[in-house]
Each structure stands twice: as C-alpha cells, then as structure tokens.
Amino acid sequence: MANVTIVKPGFGAGISRRTRWRLLRGRSIELLSLVGGLAIWELMGWALGQPWLPPFSRVLRALADMIASGAILGNLLSSLQMLAIGLAISLALGLSIGALMGYYRGVEETIDVFVHALLIAPTMALAPIFFVLFGLTDSTRVALIIVYALPIIIINTSTGVRASDERLMEMARSFGANDFQIIRRILLPASLPIMFAGIRLGVGRGVKGMINGEMLIALVGLGALAQKFGGQFDTVKVVAVALVVLVVALVADGIVDFLESRYTAWVG
C-alpha cells in the first residue's frame, strides 16, 4: 500500500508559492510607489521653497543629526515600549471580550453601548481623566493607547464570531464540545479575516493614541519631541519626527499584514 501523507490544517499552514508571488509583486509595487512619492516630495520641496514643506534630503539630514546626538533613540524606545504594552493589553482584552460578545447575546446587550461609546467619543477628552488617575506616569500613556485601540478590536472580533457558520458549532456540540472549546477551536479561527481587519485598525489607532498622549501629557517619547520642536518652530525636525512615527506605523502594519497572510492563507 502506498504511503499517504495527511496534512492537518491549522493556523500555521504554509503559504503557497502563488500566494508568495502575489505578496512579492504587491510589495514591489508598493516600494516603487514609495520611491516615486519621495522623489516628488524632494522636487516640490525645492521648487516651492516653503518652510512647511522642507525637501526630503533636508529632513533626512536633520534626522541623521538627531540620531547621532541620541535625541531620537531614547524617545523612540520609550514610545515603542508603551506602544507594545498598550497593544498587547488591547489585543488580550479585545479578542476575549469580542469573542464573548459574539457568542453570548447577553454579554453583547450588556456592554455593546459602552464599546461603541468609546469608539465614537473624542478619545482625547478622556486624557485629563487618565492624568488625574495616574498622573505623569507611563500608565497614562498606556491607558490612552488602550482606549484608542480596544473598541475597534472588540467590534470586529464580535462581528467575525457572529458571522461564523452555525453548522460548525452544531456539529461541535454534537461531539460534546463545551463553549470554551467552541470559541477557541471554531469561532476564533473562522473569524480570523474580520478579526485581523480590526487588529490592523487597532494598531493604527494605537499609534495615534501614543503620539497624542505624549504630545499633550507625557514629557518623553516621540510625541513630546515633536511638541518641543514645534514650540521652537523648527519645521524640519518636526517633519523628521513625523517621519519616524510614520515608519513605526508602517512597520507595525507590516507585522500585522505578515501574520494575516500567514494565518488566513486558506481564505484565498
């Protein structure tokens, strides 16, 4: 009898050659678009000669000087540390609460209004409350990141769980699966595409929360550095800090994109 290899599906399923080629082609187009945008920025900066649009080369020189002086690295590490903590807490709470809201109607009816209120409310209005509660500490920065990122992760996760195939749950119950097993082994894997959309949005909102909190409350981090140079009317250095923030956001989005392409390859 010929040997038969059984491949078990799972989260770690490999990416096909066709999928890898599609991702590589997409990245190449994105890279060319980025290079073209930077070239236009450089030309427009020199052509217009306006202080609000410094040429890209001047921004790079200012950024290199700040890196050499150590002004960027320490603040960058501080911001990344708070961002990582805030997003980790947001993911843990968002996926758990979202799964419970999607599976249990009573949980959704109880807290849905509060989740949507956090989503649509002007988040920066909560900053003074966090400042009163935690003072000028890292807890204030983390709390603001969580408030920015958490609601959208909860909503997308609950939506993905509710959209899961009812027949899969019925079959699992017929084999004696309990609620925890159904959520962990059926609902969460089935809702991964919608869930990752929420995670992507949550990461972007978390970066905004990090910068806003540092600009208005904290005395350290990239936001505080941008606030300092803005007060000095140093547009070149403000744009240089903004460029670092943009790179942080793109790297975070790239990490989410990589995980999404790996764990949802079965969708295509």
# chains A, B, ... in the order shown; residues from 1 in each chain; ligands from 1
>>> residues_around(residues="Tyr148 (chain A)", least_positions_apart="4", cutoff="6 Å", atoms="only C-alpha atoms", output="ChimeraX atom specification")
/A:205-206,209
>>> write_last_selection(atoms="N, CA and C atoms", output="compact mmCIF listing (two decimals), in the first residue's frame")
# COMPACT_ATOMS: atom_id res chain seq x y z
N ARG A 205 -4.78 52.99 15.22
CA ARG A 205 -5.32 53.89 16.23
C ARG A 205 -4.43 53.93 17.47
N GLY A 206 -3.78 52.81 17.78
CA GLY A 206 -2.87 52.79 18.92
C GLY A 206 -1.68 53.71 18.74
N GLY A 209 -2.90 57.14 19.38
CA GLY A 209 -3.04 57.37 20.82
C GLY A 209 -1.70 57.59 21.49
>>> residues_around(residues="region 129-146 of chain A", least_positions_apart="6", cutoff="6 Å", atoms="only C-alpha atoms", output="ChimeraX atom specification")
/A:82,86,90,206,209-210,213
>>> residues_around(residues="Glu108 (chain A)", least_positions_apart="3", cutoff="12 Å", atoms="only C-alpha atoms", output="list in words")
Ile97, Gly98, Ala99, Leu100, Met101, Gly102, Tyr103, Tyr104, Arg105, Ile111, Asp112, Val113, Phe114, Val115, His116, Ile154, Ile155, Thr157, Ser158, Thr159, Val161 and Arg162 of chain A
>>> closest_residue(among="A:Glu42, A:Pro193, A:Ile255, A:Val247", to="Ala163 (chain A)", atoms="only C-alpha atoms")
A:Pro193
>>> atom_distance(atom1="CA of Ile182 (chain A)", atom2="CA of Gly202 (chain A)")
25.2 Å
>>> decode(residues="region 141-241 of chain A", atoms="C-alpha atoms", output="short mmCIF file (atom, residue, chain, number, x, y, z; two decimals), in the first residue's frame")
data_model
loop_
_atom_site.label_atom_id
_atom_site.label_comp_id
_atom_site.auth_asym_id
_atom_site.auth_seq_id
_atom_site.Cartn_x
_atom_site.Cartn_y
_atom_site.Cartn_z
CA ARG A 141 0.22 56.77 28.06
CA VAL A 142 -0.69 53.07 28.08
CA ALA A 143 -4.30 53.81 29.09
CA LEU A 144 -4.70 56.24 26.20
CA ILE A 145 -3.30 53.72 23.70
CA ILE A 146 -5.74 51.09 25.01
CA VAL A 147 -8.74 53.42 24.71
CA TYR A 148 -7.78 54.20 21.11
CA ALA A 149 -7.17 50.60 20.02
CA LEU A 150 -9.51 48.46 22.14
CA PRO A 151 -13.02 49.33 20.85
CA ILE A 152 -12.36 48.59 17.17
CA ILE A 153 -10.72 45.26 18.02
CA ILE A 154 -13.71 44.26 20.17
CA ILE A 155 -16.25 45.23 17.49
CA ASN A 156 -14.50 43.42 14.64
CA THR A 157 -13.91 40.30 16.71
CA SER A 158 -17.55 40.11 17.82
CA THR A 159 -18.68 40.68 14.22
CA GLY A 160 -16.44 37.88 12.98
CA VAL A 161 -17.66 35.47 15.66
CA ARG A 162 -21.32 36.21 14.88
CA ALA A 163 -20.66 35.66 11.16
CA SER A 164 -19.26 32.16 11.74
CA ASP A 165 -21.06 29.12 10.31
CA GLU A 166 -23.73 27.88 12.72
CA ARG A 167 -23.39 24.35 11.36
CA LEU A 168 -19.83 24.10 12.63
CA MET A 169 -20.98 24.93 16.16
CA GLU A 170 -23.86 22.47 15.99
CA MET A 171 -21.51 19.73 14.86
CA ALA A 172 -19.07 20.56 17.67
CA ARG A 173 -21.88 20.41 20.25
CA SER A 174 -22.98 17.04 18.90
CA PHE A 175 -19.48 15.74 19.72
CA GLY A 176 -19.68 17.10 23.26
CA ALA A 177 -17.62 20.29 22.87
CA ASN A 178 -18.16 22.92 25.56
CA ASP A 179 -18.47 26.67 24.99
CA PHE A 180 -14.77 27.36 25.62
CA GLN A 181 -13.71 24.72 23.09
CA ILE A 182 -16.17 26.04 20.51
CA ILE A 183 -14.89 29.60 20.89
CA ARG A 184 -11.21 28.63 20.87
CA ARG A 185 -11.22 25.95 18.15
CA ILE A 186 -14.05 27.03 15.84
CA LEU A 187 -15.22 30.61 16.25
CA LEU A 188 -11.88 32.38 16.64
CA PRO A 189 -10.19 30.58 13.69
CA ALA A 190 -13.26 31.13 11.49
CA SER A 191 -13.37 34.83 12.33
CA LEU A 192 -9.66 35.47 11.65
CA PRO A 193 -10.13 37.54 8.42
CA ILE A 194 -12.52 40.01 10.07
CA MET A 195 -10.53 39.87 13.30
CA PHE A 196 -7.30 40.86 11.53
CA ALA A 197 -9.09 43.81 9.94
CA GLY A 198 -9.89 45.01 13.45
CA ILE A 199 -6.34 44.38 14.64
CA ARG A 200 -4.95 46.40 11.72
CA LEU A 201 -7.24 49.32 12.53
CA GLY A 202 -6.48 48.95 16.24
CA VAL A 203 -2.73 49.12 15.66
CA GLY A 204 -3.13 52.29 13.60
CA ARG A 205 -5.32 53.89 16.23
CA GLY A 206 -2.87 52.79 18.92
CA VAL A 207 -0.03 54.68 17.23
CA LYS A 208 -2.26 57.78 17.13
CA GLY A 209 -3.04 57.37 20.82
CA MET A 210 0.66 57.02 21.62
CA ILE A 211 1.56 60.26 19.83
CA ASN A 212 -1.42 62.25 21.09
CA GLY A 213 -0.80 61.18 24.67
CA GLU A 214 2.88 62.05 24.50
CA MET A 215 2.22 65.42 22.92
CA LEU A 216 -0.40 66.52 25.45
CA ILE A 217 0.56 64.69 28.64
CA ALA A 218 3.91 62.93 28.73
CA LEU A 219 7.32 64.55 28.87
CA VAL A 220 9.09 61.80 26.93
CA GLY A 221 8.61 59.91 23.70
CA LEU A 222 8.33 60.90 20.06
CA GLY A 223 5.22 62.98 20.69
CA ALA A 224 6.97 65.08 23.33
CA LEU A 225 9.90 65.52 20.94
CA ALA A 226 7.56 66.75 18.19
CA GLN A 227 5.92 69.11 20.68
CA LYS A 228 9.32 70.51 21.65
CA PHE A 229 10.45 71.20 18.08
CA GLY A 230 7.01 72.57 17.21
CA GLY A 231 7.36 75.10 20.01
CA GLN A 232 10.69 76.12 18.50
CA PHE A 233 9.09 76.46 15.03
CA ASP A 234 11.68 74.00 13.69
CA THR A 235 9.63 72.53 10.84
CA VAL A 236 12.42 70.33 9.51
CA LYS A 237 12.86 68.49 12.81
CA VAL A 238 9.10 68.22 13.33
CA VAL A 239 8.78 66.55 9.93
CA ALA A 240 11.75 64.31 10.78
CA VAL A 241 9.99 63.12 13.95
#
